[in-house]
file protein_18.cif (mmCIF, C-alpha atoms)
data_target
#
loop_
_atom_site.label_atom_id
_atom_site.label_comp_id
_atom_site.auth_asym_id
_atom_site.auth_seq_id
_atom_site.Cartn_x
_atom_site.Cartn_y
_atom_site.Cartn_z
CA MET A 1 94.68 68.30 95.38
CA PRO A 2 95.15 68.71 99.17
CA VAL A 3 94.53 72.04 100.83
CA GLY A 4 98.25 72.66 101.25
CA GLY A 5 98.76 72.24 97.52
CA LEU A 6 95.93 74.63 96.86
CA LYS A 7 97.44 77.23 99.13
CA LEU A 8 100.70 76.91 97.28
CA PHE A 9 98.80 77.19 94.01
CA PHE A 10 97.24 80.46 95.10
CA LEU A 11 100.38 82.01 96.52
CA THR A 12 103.15 80.96 94.16
CA ALA A 13 103.96 83.36 91.34
CA VAL A 14 104.70 82.03 87.89
CA CYS A 15 107.56 83.59 85.94
CA MET A 16 107.18 84.15 82.20
CA VAL A 17 110.22 84.85 80.04
CA VAL A 18 110.05 85.57 76.32
CA LEU A 19 112.58 83.47 74.44
CA ALA A 20 111.88 84.52 70.87
CA VAL A 21 109.20 86.19 68.82
CA GLN A 22 109.50 85.75 65.09
CA ALA A 23 108.20 87.95 62.27
CA GLN A 24 104.46 88.45 62.23
CA ALA A 25 102.68 85.45 60.75
CA ARG A 26 99.27 85.02 59.18
CA LEU A 27 97.91 82.87 61.99
CA GLU A 28 94.72 84.49 63.29
CA VAL A 29 91.06 83.90 64.18
CA ASP A 30 88.48 86.67 63.82
CA ILE A 31 86.45 86.34 67.02
CA THR A 32 84.14 89.27 66.22
CA LYS A 33 82.05 87.14 63.85
CA GLY A 34 79.06 85.11 64.98
CA ARG A 35 79.81 81.44 64.41
CA VAL A 36 83.54 80.83 64.03
CA ASP A 37 85.04 77.77 62.35
CA PRO A 38 87.47 76.43 64.96
CA MET A 39 91.11 76.55 63.93
CA PRO A 40 92.70 73.07 63.59
CA ILE A 41 95.66 73.00 65.97
CA ALA A 42 98.15 70.22 66.69
CA LEU A 43 99.29 69.67 70.29
CA PRO A 44 101.86 66.89 70.63
CA ASP A 45 102.75 65.94 74.19
CA PHE A 46 105.50 68.11 75.62
CA ILE A 47 108.87 66.34 75.46
CA GLY A 48 110.41 65.01 78.68
CA THR A 49 113.72 63.22 79.20
CA THR A 50 112.59 61.35 82.32
CA PRO A 51 109.33 59.52 83.10
CA GLU A 52 108.40 62.30 85.54
CA GLU A 53 108.99 65.00 82.94
CA SER A 54 107.07 63.04 80.31
CA LYS A 55 104.12 62.69 82.70
CA VAL A 56 104.07 66.45 83.40
CA GLY A 57 104.40 67.14 79.66
CA HIS A 58 101.43 64.90 78.88
CA ASP A 59 99.33 66.54 81.60
CA LEU A 60 100.23 70.06 80.43
CA THR A 61 99.19 69.23 76.88
CA GLY A 62 95.87 67.90 78.18
CA VAL A 63 95.08 71.12 80.04
CA ILE A 64 96.06 73.32 77.09
CA GLY A 65 94.06 71.28 74.60
CA ALA A 66 90.97 71.22 76.83
CA ASN A 67 91.13 75.00 77.37
CA LEU A 68 91.50 75.82 73.70
CA GLU A 69 88.79 73.38 72.61
CA ARG A 70 86.36 74.69 75.22
CA SER A 71 86.78 78.25 73.89
CA GLY A 72 85.14 77.14 70.65
CA LEU A 73 87.88 78.84 68.61
CA PHE A 74 90.25 75.89 68.30
CA ARG A 75 89.92 72.25 67.23
CA PRO A 76 92.75 70.14 68.65
CA LEU A 77 93.59 67.40 66.16
CA PRO A 78 93.80 63.80 67.42
CA GLN A 79 97.36 62.75 68.15
CA SER A 80 96.75 59.51 66.25
CA SER A 81 96.65 61.58 63.04
CA TYR A 82 100.14 63.04 63.50
CA ILE A 83 102.70 62.01 60.89
CA GLU A 84 105.75 63.62 62.45
CA GLN A 85 106.60 62.70 66.03
CA ILE A 86 108.23 65.66 67.77
CA THR A 87 111.40 64.49 69.52
CA ASN A 88 113.66 67.55 69.29
CA PHE A 89 112.30 70.79 70.76
CA GLY A 90 115.04 72.89 69.16
CA GLN A 91 114.34 71.70 65.63
CA ALA A 92 111.80 73.21 63.24
CA PRO A 93 108.92 70.86 62.38
CA ARG A 94 108.32 69.29 58.98
CA PHE A 95 105.62 71.72 57.91
CA GLY A 96 104.41 69.56 55.03
CA ASP A 97 103.54 66.72 57.43
CA TRP A 98 101.34 69.05 59.45
CA ARG A 99 99.73 70.66 56.41
CA SER A 100 98.74 67.23 55.16
CA ILE A 101 96.56 66.70 58.26
CA GLN A 102 95.05 70.21 57.86
CA ALA A 103 96.76 71.70 60.92
CA GLN A 104 97.00 75.48 60.77
CA ALA A 105 98.92 75.85 64.03
CA LEU A 106 101.32 73.62 65.94
CA VAL A 107 102.42 73.88 69.56
CA THR A 108 105.62 72.10 70.55
CA GLY A 109 106.97 72.05 74.07
CA ARG A 110 109.17 70.40 76.63
CA ALA A 111 108.98 69.98 80.40
CA ILE A 112 112.14 70.15 82.49
CA LEU A 113 112.46 69.45 86.22
CA GLN A 114 115.40 71.66 87.16
CA PRO A 115 118.09 70.82 89.74
CA ASP A 116 116.61 73.47 92.06
CA GLY A 117 113.32 71.52 92.11
CA ARG A 118 111.36 73.92 89.93
CA LEU A 119 109.46 73.03 86.78
CA ARG A 120 110.33 74.79 83.52
CA ALA A 121 107.91 74.47 80.62
CA GLU A 122 109.03 75.77 77.21
CA ILE A 123 106.73 76.20 74.23
CA ARG A 124 106.93 77.23 70.58
CA LEU A 125 103.89 78.19 68.51
CA TRP A 126 104.24 77.57 64.77
CA ASP A 127 102.24 78.95 61.84
CA ILE A 128 102.08 75.96 59.50
CA PHE A 129 101.16 77.83 56.31
CA ALA A 130 103.65 80.66 56.85
CA GLN A 131 106.23 78.03 57.92
CA GLN A 132 107.53 80.12 60.77
CA GLN A 133 107.54 80.41 64.53
CA VAL A 134 105.01 82.83 65.97
CA LEU A 135 106.31 82.88 69.53
CA GLY A 136 108.52 81.08 72.01
CA LEU A 137 108.11 81.24 75.78
CA GLN A 138 109.17 79.55 78.97
CA PHE A 139 107.31 79.34 82.27
CA VAL A 140 109.02 78.53 85.57
CA SER A 141 107.29 77.58 88.82
CA THR A 142 106.99 74.78 91.35
CA PRO A 143 105.86 71.37 90.06
CA GLN A 144 102.63 71.73 92.07
CA ASN A 145 101.73 74.65 89.83
CA TRP A 146 101.79 72.63 86.60
CA ARG A 147 98.08 73.14 85.98
CA ARG A 148 98.36 76.91 86.31
CA ILE A 149 101.28 76.87 83.88
CA GLY A 150 98.96 75.07 81.46
CA HIS A 151 96.39 77.83 81.84
CA GLN A 152 98.98 80.54 81.24
CA ILE A 153 100.29 78.80 78.13
CA SER A 154 96.68 78.57 76.91
CA ASP A 155 96.33 82.33 77.42
CA VAL A 156 99.40 83.23 75.37
CA ILE A 157 98.32 80.93 72.52
CA TYR A 158 94.82 82.45 72.59
CA LYS A 159 96.24 85.98 72.47
CA ALA A 160 98.73 85.17 69.71
CA VAL A 161 95.94 83.84 67.49
CA THR A 162 93.01 86.13 68.36
CA GLY A 163 94.85 89.33 69.28
CA GLU A 164 92.94 89.55 72.59
CA SER A 165 93.81 88.51 76.12
CA GLY A 166 92.85 85.02 77.20
CA TYR A 167 90.81 84.06 80.24
CA PHE A 168 92.10 80.64 81.26
CA ASP A 169 94.36 81.66 84.16
CA SER A 170 91.42 82.68 86.32
CA ARG A 171 89.10 81.33 89.00
CA VAL A 172 85.39 81.18 89.69
CA VAL A 173 83.75 81.57 93.07
CA PHE A 174 80.24 80.14 93.39
CA ILE A 175 77.65 78.64 95.73
CA GLU A 176 78.00 74.87 96.02
CA GLU A 177 74.69 73.24 96.90
CA GLN A 178 74.11 69.79 98.37
CA GLY A 179 71.20 67.89 99.86
CA PRO A 180 67.46 67.60 99.13
CA LYS A 181 65.78 70.44 97.28
CA ASN A 182 63.82 71.65 100.32
CA LYS A 183 66.86 71.56 102.60
CA ARG A 184 69.92 72.55 100.59
CA VAL A 185 73.25 73.16 102.29
CA LYS A 186 74.97 76.08 100.57
CA ARG A 187 78.71 76.60 100.81
CA LEU A 188 81.00 79.22 99.35
CA ALA A 189 83.42 77.46 96.99
CA ILE A 190 86.18 78.42 94.58
CA MET A 191 87.74 76.60 91.63
CA ASP A 192 89.79 77.14 88.48
CA GLN A 193 87.72 78.32 85.52
CA ASP A 194 87.79 74.78 84.11
CA GLY A 195 86.28 73.26 87.27
CA HIS A 196 89.50 71.83 88.75
CA ASN A 197 91.16 72.61 92.10
CA LEU A 198 87.85 73.07 93.91
CA ARG A 199 88.11 74.38 97.44
CA ARG A 200 85.27 75.00 99.92
CA LEU A 201 85.56 78.29 101.79
CA THR A 202 82.65 77.95 104.24
CA ASN A 203 81.30 74.93 106.14
CA GLY A 204 77.64 75.25 105.20
CA ASN A 205 76.37 76.11 108.67
CA ASP A 206 75.18 79.52 107.47
CA LEU A 207 73.38 80.45 104.27
CA VAL A 208 75.67 82.31 101.85
CA LEU A 209 74.72 84.16 98.66
CA THR A 210 76.09 86.45 95.89
CA PRO A 211 79.88 85.99 96.15
CA ARG A 212 81.93 88.52 94.16
CA PHE A 213 85.70 88.90 93.57
CA SER A 214 87.83 91.91 94.33
CA PRO A 215 89.98 93.26 91.45
CA THR A 216 93.03 91.57 93.02
CA SER A 217 91.26 88.17 93.06
CA GLN A 218 92.41 87.70 96.67
CA GLU A 219 89.26 88.89 98.42
CA ILE A 220 85.62 87.98 98.07
CA THR A 221 82.58 89.90 99.21
CA TYR A 222 79.31 88.05 99.78
CA MET A 223 76.14 87.97 101.83
CA SER A 224 75.76 85.60 104.78
CA TYR A 225 73.05 84.86 107.32
CA ALA A 226 75.62 84.13 110.03
CA GLY A 227 74.11 84.99 113.38
CA GLY A 228 70.64 85.06 111.83
CA GLN A 229 71.06 88.55 110.34
CA PRO A 230 71.82 89.05 106.63
CA ARG A 231 75.12 90.91 106.40
CA VAL A 232 77.75 91.67 103.77
CA TYR A 233 81.14 90.09 104.52
CA LEU A 234 84.68 90.24 103.22
CA TYR A 235 86.70 87.02 102.95
CA ASN A 236 90.46 86.92 102.35
CA ILE A 237 91.38 83.83 100.31
CA GLU A 238 95.01 83.82 101.48
CA THR A 239 94.46 84.28 105.22
CA ARG A 240 90.90 82.83 105.36
CA GLN A 241 89.92 85.73 107.59
CA ARG A 242 86.35 87.00 107.46
CA GLU A 243 84.95 90.35 108.55
CA ILE A 244 81.63 92.17 108.40
CA VAL A 245 81.68 95.07 105.96
CA GLY A 246 79.49 97.21 108.20
CA VAL A 247 76.85 96.88 110.90
CA PHE A 248 73.60 98.30 109.57
CA PRO A 249 70.16 98.26 111.22
CA ASN A 250 68.54 96.28 108.40
CA MET A 251 69.53 93.67 105.82
CA SER A 252 72.50 94.41 103.55
CA PHE A 253 72.91 92.41 100.36
CA ALA A 254 74.05 92.26 96.69
CA PRO A 255 77.62 93.55 97.28
CA ARG A 256 80.16 94.20 94.54
CA PHE A 257 83.64 95.77 94.49
CA SER A 258 84.62 98.91 92.63
CA PRO A 259 87.31 98.48 89.92
CA ASP A 260 89.97 99.90 92.26
CA GLY A 261 88.91 97.60 95.10
CA GLN A 262 88.55 100.51 97.52
CA ARG A 263 84.74 100.62 97.65
CA ILE A 264 81.81 98.25 97.82
CA VAL A 265 78.43 99.08 96.33
CA MET A 266 75.44 97.22 97.81
CA SER A 267 71.77 97.39 98.74
CA LEU A 268 70.38 98.18 102.18
CA GLN A 269 66.81 97.30 103.09
CA GLN A 270 64.51 100.01 104.42
CA GLY A 271 61.11 98.60 105.29
CA GLY A 272 59.68 97.10 102.12
CA ASN A 273 62.13 99.02 99.94
CA SER A 274 65.86 98.88 99.31
CA ASN A 275 68.28 101.50 98.08
CA ILE A 276 71.84 101.45 96.81
CA TYR A 277 74.77 102.63 98.90
CA VAL A 278 78.51 102.79 98.37
CA LEU A 279 80.91 102.09 101.24
CA ASP A 280 84.52 103.30 101.32
CA LEU A 281 86.51 100.38 102.76
CA ARG A 282 89.26 102.63 104.12
CA SER A 283 87.25 105.34 105.85
CA LYS A 284 84.12 103.17 106.42
CA MET A 285 82.09 106.15 105.22
CA ILE A 286 78.84 105.17 103.50
CA ARG A 287 76.90 107.20 100.95
CA GLN A 288 73.35 106.69 99.73
CA LEU A 289 73.04 106.76 95.94
CA THR A 290 69.33 106.07 95.33
CA LYS A 291 66.36 107.36 97.34
CA MET A 292 63.28 105.72 95.88
CA ALA A 293 60.19 104.07 97.33
CA ALA A 294 61.15 100.99 95.33
CA ILE A 295 63.51 98.03 95.30
CA ASP A 296 66.84 99.19 93.89
CA THR A 297 69.42 96.40 93.93
CA ALA A 298 72.06 94.35 92.06
CA PRO A 299 74.48 97.26 91.43
CA SER A 300 77.58 96.78 89.26
CA PHE A 301 80.35 99.29 88.51
CA SER A 302 81.48 100.12 85.00
CA PRO A 303 85.16 99.24 84.32
CA THR A 304 86.11 102.92 84.69
CA GLY A 305 84.36 103.17 88.04
CA GLN A 306 82.48 106.25 86.83
CA GLN A 307 79.03 104.66 86.44
CA ILE A 308 76.88 102.01 88.09
CA VAL A 309 74.25 99.79 86.50
CA PHE A 310 71.46 98.41 88.70
CA GLU A 311 67.94 97.00 88.65
CA SER A 312 64.86 98.75 90.00
CA ASP A 313 61.09 98.27 90.02
CA ARG A 314 60.42 102.00 90.37
CA ASP A 315 58.45 101.98 87.08
CA GLY A 316 56.29 99.03 88.11
CA SER A 317 58.47 96.11 87.00
CA GLN A 318 62.14 95.12 87.22
CA GLN A 319 64.16 97.16 84.73
CA ILE A 320 67.79 98.15 84.26
CA TYR A 321 69.08 101.62 85.06
CA VAL A 322 72.43 103.39 84.83
CA MET A 323 73.64 106.25 87.03
CA ASN A 324 76.82 108.16 87.74
CA VAL A 325 78.93 106.91 90.61
CA ASP A 326 77.65 109.75 92.81
CA GLY A 327 74.01 108.78 92.19
CA THR A 328 73.22 111.50 89.65
CA ALA A 329 71.79 111.09 86.14
CA GLN A 330 69.75 107.96 86.88
CA LYS A 331 68.40 106.67 83.58
CA ARG A 332 66.42 103.62 82.53
CA ILE A 333 68.02 101.71 79.64
CA SER A 334 65.87 98.53 79.26
CA PHE A 335 62.62 98.89 77.30
CA GLY A 336 61.96 95.46 75.84
CA GLU A 337 59.19 93.11 76.87
CA GLY A 338 59.62 91.30 80.17
CA ARG A 339 61.44 91.90 83.44
CA TYR A 340 65.18 92.58 83.59
CA SER A 341 67.48 91.79 86.51
CA THR A 342 71.08 91.00 87.65
CA PRO A 343 72.87 93.47 85.33
CA VAL A 344 76.67 93.11 85.16
CA TRP A 345 79.00 95.43 83.28
CA SER A 346 81.51 93.77 80.95
CA PRO A 347 85.19 94.27 81.84
CA ARG A 348 85.58 95.66 78.30
CA GLY A 349 82.91 98.27 79.02
CA ASP A 350 81.04 97.64 75.78
CA HIS A 351 78.14 95.51 77.05
CA ILE A 352 75.95 94.87 80.07
CA ALA A 353 74.79 91.30 80.67
CA PHE A 354 71.41 90.65 82.28
CA THR A 355 68.76 88.09 83.16
CA LYS A 356 65.37 88.50 81.49
CA LEU A 357 62.05 86.90 82.42
CA LEU A 358 59.44 86.82 79.66
CA ARG A 359 56.41 84.54 79.46
CA GLY A 360 57.77 82.17 82.06
CA ARG A 361 61.19 81.71 80.44
CA PHE A 362 64.49 83.03 81.73
CA SER A 363 67.08 84.35 79.27
CA ILE A 364 70.65 85.56 79.51
CA GLY A 365 71.29 88.52 77.23
CA VAL A 366 73.47 91.54 76.61
CA MET A 367 72.89 95.16 75.63
CA ARG A 368 75.07 98.19 75.13
CA PRO A 369 75.40 100.63 78.06
CA ASP A 370 72.85 102.96 76.44
CA GLY A 371 70.32 100.10 76.14
CA SER A 372 70.70 99.58 72.40
CA GLY A 373 71.63 96.36 70.64
CA GLU A 374 69.83 93.97 72.99
CA ARG A 375 70.60 90.32 72.13
CA ILE A 376 69.50 87.11 73.83
CA LEU A 377 72.33 84.58 74.10
CA THR A 378 70.51 81.64 75.67
CA GLU A 379 67.14 80.89 77.25
CA GLY A 380 65.47 78.11 79.19
CA TYR A 381 63.36 77.12 82.17
CA HIS A 382 65.47 79.06 84.66
CA ASN A 383 68.71 80.80 83.68
CA GLU A 384 70.17 83.44 85.98
CA GLY A 385 73.23 85.15 87.39
CA PRO A 386 75.53 86.10 84.47
CA THR A 387 79.21 86.81 85.11
CA TRP A 388 81.89 87.85 82.61
CA SER A 389 85.20 86.21 81.79
CA PRO A 390 88.21 88.53 82.32
CA ASN A 391 88.43 89.32 78.60
CA GLY A 392 84.69 90.02 78.19
CA ARG A 393 84.19 87.30 75.58
CA VAL A 394 82.44 84.57 77.60
CA ILE A 395 79.56 84.66 80.07
CA MET A 396 79.03 82.09 82.80
CA PHE A 397 75.62 81.64 84.44
CA PHE A 398 73.59 79.01 86.25
CA ARG A 399 70.62 77.01 85.03
CA GLU A 400 68.07 75.32 87.28
CA THR A 401 66.54 72.01 86.18
CA ARG A 402 63.00 70.90 86.97
CA GLY A 403 61.86 68.05 89.18
CA GLU A 404 62.31 66.84 92.71
CA ASN A 405 65.92 65.88 92.04
CA GLY A 406 66.67 68.93 89.93
CA GLY A 407 69.06 71.68 90.85
CA PRO A 408 71.32 74.40 89.50
CA ALA A 409 74.41 73.85 87.34
CA LEU A 410 76.94 76.23 85.80
CA TYR A 411 77.09 76.94 82.06
CA SER A 412 79.08 79.23 79.79
CA VAL A 413 78.19 80.81 76.46
CA ASP A 414 80.16 82.93 74.02
CA LEU A 415 79.31 86.62 73.61
CA THR A 416 78.06 85.80 70.12
CA GLY A 417 75.52 83.32 71.55
CA TYR A 418 77.32 80.20 70.32
CA ASN A 419 79.40 77.53 72.03
CA GLU A 420 77.25 76.94 75.09
CA ARG A 421 78.99 74.54 77.51
CA LYS A 422 78.25 72.99 80.89
CA VAL A 423 80.90 73.67 83.54
CA GLU A 424 81.37 70.47 85.52
CA THR A 425 81.20 70.69 89.32
CA PRO A 426 80.94 67.87 91.91
CA GLY A 427 77.41 68.86 92.95
CA PHE A 428 74.83 71.52 92.29
CA ALA A 429 76.25 75.01 91.71
CA SER A 430 74.77 78.50 91.43
CA ASP A 431 75.59 82.21 91.43
CA PRO A 432 79.06 82.13 89.82
CA ALA A 433 81.47 85.09 89.79
CA TRP A 434 84.53 85.10 87.53
CA SER A 435 87.81 86.53 88.79
CA PRO A 436 90.14 88.80 86.84
CA LEU A 437 93.23 87.14 85.40
CA LEU A 438 95.50 85.99 88.20
CA LYS A 439 98.79 87.77 88.76
#
call {"tool": "encode", "arguments": {"input": "protein_18.cif", "output": "structure tokens"}}
result
Amino acid sequence: MPVGGLKLFFLTAVCMVVLAVQAQARLEVDITKGRVDPMPIALPDFIGTTPEESKVGHDLTGVIGANLERSGLFRPLPQSSYIEQITNFGQAPRFGDWRSIQAQALVTGRAILQPDGRLRAEIRLWDIFAQQQVLGLQFVSTPQNWRRIGHQISDVIYKAVTGESGYFDSRVVFIEEQGPKNKRVKRLAIMDQDGHNLRRLTNGNDLVLTPRFSPTSQEITYMSYAGGQPRVYLYNIETRQREIVGVFPNMSFAPRFSPDGQRIVMSLQQGGNSNIYVLDLRSKMIRQLTKMAAIDTAPSFSPTGQQIVFESDRDGSQQIYVMNVDGTAQKRISFGEGRYSTPVWSPRGDHIAFTKLLRGRFSIGVMRPDGSGERILTEGYHNEGPTWSPNGRVIMFFRETRGENGGPALYSVDLTGYNERKVETPGFASDPAWSPLLK
């Protein structure tokens, strides 16, 4: 998609209107279990009365089906198995035809290009066994926003079946890497969570690292070596304006926003050590939170903004610590074998994700905020940089491959440790950060 289309994609709001919600049905998936049997779901192409509408309807169905399948909770049935062909959006389906192909849920829809030039997509979600409609919705936006409409429809289906918010209408910012291994060009890039609509935000002239979203998803903070000095920057996605967070005598790095978007927590180098500071973006006042002869870095706020998790080697090796937002009550919470790094608090507040190095292998794991319940989700030669989906159910990370032609790629894994998937990008990709749901 051209840059102009992307700008429109970012700026255009999508209107959601509830048409009808029927009596509560039995359609549900328990996502708290470990391995979940995916729910068979039928997704006929959305109906269109013109070739243009039929094309949009087909494309919408493709996005929705891919999103739901990738979650690991749904199994879209092949359209070749359908007995009934949906031709009338306003008519109830023949439930027996769908039961006979083992469908538990059915999504019907239609795409309408309105006289005012806008696209209206209408959907109905059916519980096949209860023989009733679960929900009906319509989404209205510009035709250029058809892919985002598909993501929003995916979210409402996910929520109707699982009872929890979806994560499809979101974006990922990451470091795109190109070139030979010893001379990589690294650019700041952004894309939809499914890898589409990629847009490069920097030109690659300066090294960039650790991009992180603001709570509004419209600003990014990251570290750049622009001018030869490592500094923390703010980048506005809408205006493309960039500014230095603060001019400090030494290197500043590992920035991350507070949940209210009013502060940035980061590390500042002091000789061979680094400590954690919090900067108020309005007053530009900065406060030191740790004062150790150690390397304290990688801070991450809790969802409430009342605590911060970080890594430190103050006890001789990299471990995870938690402290209050004012720097008090600093407490180590990781006590397993190995070295722990890159802690990130879940948006649900119930887990902290981390990278662990043990006997030459890198793992991505989670633990509760008090350090209990440690679980390894995936491991390999070099896994690093976990980031949470908006609903706290999926973790994205990057994995480096060996060899002269090897490089990093993005992967996702479910909180239960199942359903690991590669996230396709045009080139090498590292250090992902997942946005909140778009608004």
call {"tool": "atom_distance", "arguments": {"input": "protein_18.cif", "atom1": "atom CA of A:Arg118", "atom2": "atom CA of A:Ser141"}}
result
5.6 Å
call {"tool": "residues_near_point", "arguments": {"input": "protein_18.cif", "point": "(63.3, 65.3, 91.3)", "cutoff": "12 Å", "atoms": "all atoms listed in the file", "output": "count of residues only"}}
result
12
call {"tool": "residues_around", "arguments": {"input": "protein_18.cif", "residues": "A:Ala429", "least_positions_apart": "3", "cutoff": "6 Å", "atoms": "only C-alpha atoms", "output": "list in words"}}
result
Ile175, Glu176, Glu177, Pro408 and Ala409 of chain A
call {"tool": "atom_distance", "arguments": {"input": "protein_18.cif", "atom1": "atom CA of A:Leu438", "atom2": "atom CA of A:Gly163"}}
result
19.2 Å
call {"tool": "atom_distance", "arguments": {"input": "protein_18.cif", "atom1": "atom CA of A:Glu122", "atom2": "atom CA of A:Phe139"}}
result
6.4 Å
call {"tool": "resolve_selection", "arguments": {"input": "protein_18.cif", "expression": "the PyMOL selection byres ((chain A and resi 57-63) around 8)", "output": "JSON, numbers by chain"}}
result
{"A": [43, 44, 45, 46, 47, 48, 53, 54, 55, 56, 64, 65, 66, 67, 109, 110, 111, 146, 147, 149, 150, 151]}
call {"tool": "residues_around", "arguments": {"input": "protein_18.cif", "residues": "stretch 346-360 of chain A", "least_positions_apart": "6", "cutoff": "9 Å", "atoms": "only C-alpha atoms", "output": "ChimeraX atom specification"}}
result
/A:302-304,309,320,337-340,366-369,371,376,379,381-393,395,436
call {"tool": "resolve_selection", "arguments": {"input": "protein_18.cif", "expression": "the PyMOL selection byres ((chain A and resi 423) around 6)", "output": "ChimeraX atom specification"}}
result
/A:410-411,422,424
call {"tool": "write_last_selection", "arguments": {"input": "protein_18.cif", "atoms": "C-alpha atoms", "output": "PDB file, in the coordinates of the input"}}
result
ATOM      1  CA  LEU A 410      76.940  76.230  85.800  1.00  0.00           C
ATOM      2  CA  TYR A 411      77.090  76.940  82.060  1.00  0.00           C
ATOM      3  CA  LYS A 422      78.250  72.990  80.890  1.00  0.00           C
ATOM      4  CA  GLU A 424      81.370  70.470  85.520  1.00  0.00           C
TER       5      GLU A 424
END
call {"tool": "closest_residue", "arguments": {"input": "protein_18.cif", "among": "A:Gln104, A:Glu311, A:Asp169, A:Val394", "to": "A:Gln330", "atoms": "all atoms listed in the file"}}
result
A:Glu311
call {"tool": "residues_around", "arguments": {"input": "protein_18.cif", "residues": "A:Pro76", "least_positions_apart": "5", "cutoff": "8 Å", "atoms": "only C-alpha atoms", "output": "PDB file with C-alpha atoms, keeping the file's coordinate frame"}}
result
ATOM      1  CA  PRO A  40      92.700  73.070  63.590  1.00  0.00           C
ATOM      2  CA  ILE A  41      95.660  73.000  65.970  1.00  0.00           C
ATOM      3  CA  ALA A  42      98.150  70.220  66.690  1.00  0.00           C
ATOM      4  CA  LEU A  43      99.290  69.670  70.290  1.00  0.00           C
ATOM      5  CA  GLY A  65      94.060  71.280  74.600  1.00  0.00           C
ATOM      6  CA  LEU A  68      91.500  75.820  73.700  1.00  0.00           C
ATOM      7  CA  GLU A  69      88.790  73.380  72.610  1.00  0.00           C
TER       8      GLU A  69
END
call {"tool": "resolve_selection", "arguments": {"input": "protein_18.cif", "expression": "the PyMOL selection byres ((chain A and resi 190) around 8)", "output": "PyMOL selection string"}}
result
chain A and resi 171-174+188-189+191-192+198-201
call {"tool": "residues_around", "arguments": {"input": "protein_18.cif", "residues": "A:Thr216", "least_positions_apart": "2", "cutoff": "10 Å", "atoms": "all atoms listed in the file", "output": "list of chain:residue names"}}
result
A:Phe213, A:Ser214, A:Gln218, A:Glu219, A:Ile220, A:Pro259, A:Asp260, A:Gly261, A:Ser435, A:Pro436, A:Leu437, A:Leu438, A:Lys439
call {"tool": "closest_residue", "arguments": {"input": "protein_18.cif", "among": "A:Ile83, A:Met396, A:Met223, A:Ala103", "to": "A:Ser252", "atoms": "all atoms listed in the file"}}
result
A:Met223
call {"tool": "closest_residue", "arguments": {"input": "protein_18.cif", "among": "A:Ser274, A:Thr50, A:Ser372, A:Ser71", "to": "A:Asp414", "atoms": "only C-alpha atoms"}}
result
A:Ser71
call {"tool": "closest_residue", "arguments": {"input": "protein_18.cif", "among": "A:Pro143, A:Gly380, A:Gly305, A:Pro38", "to": "A:Phe74", "atoms": "all atoms listed in the file"}}
result
A:Pro38
call {"tool": "closest_residue", "arguments": {"input": "protein_18.cif", "among": "A:Leu279, A:Ile153, A:Thr210, A:Glu374", "to": "A:Arg187", "atoms": "only C-alpha atoms"}}
result
A:Thr210
call {"tool": "closest_residue", "arguments": {"input": "protein_18.cif", "among": "A:Glu84, A:Asp280, A:Asp155, A:Asp313", "to": "A:Ala298", "atoms": "only C-alpha atoms"}}
result
A:Asp313
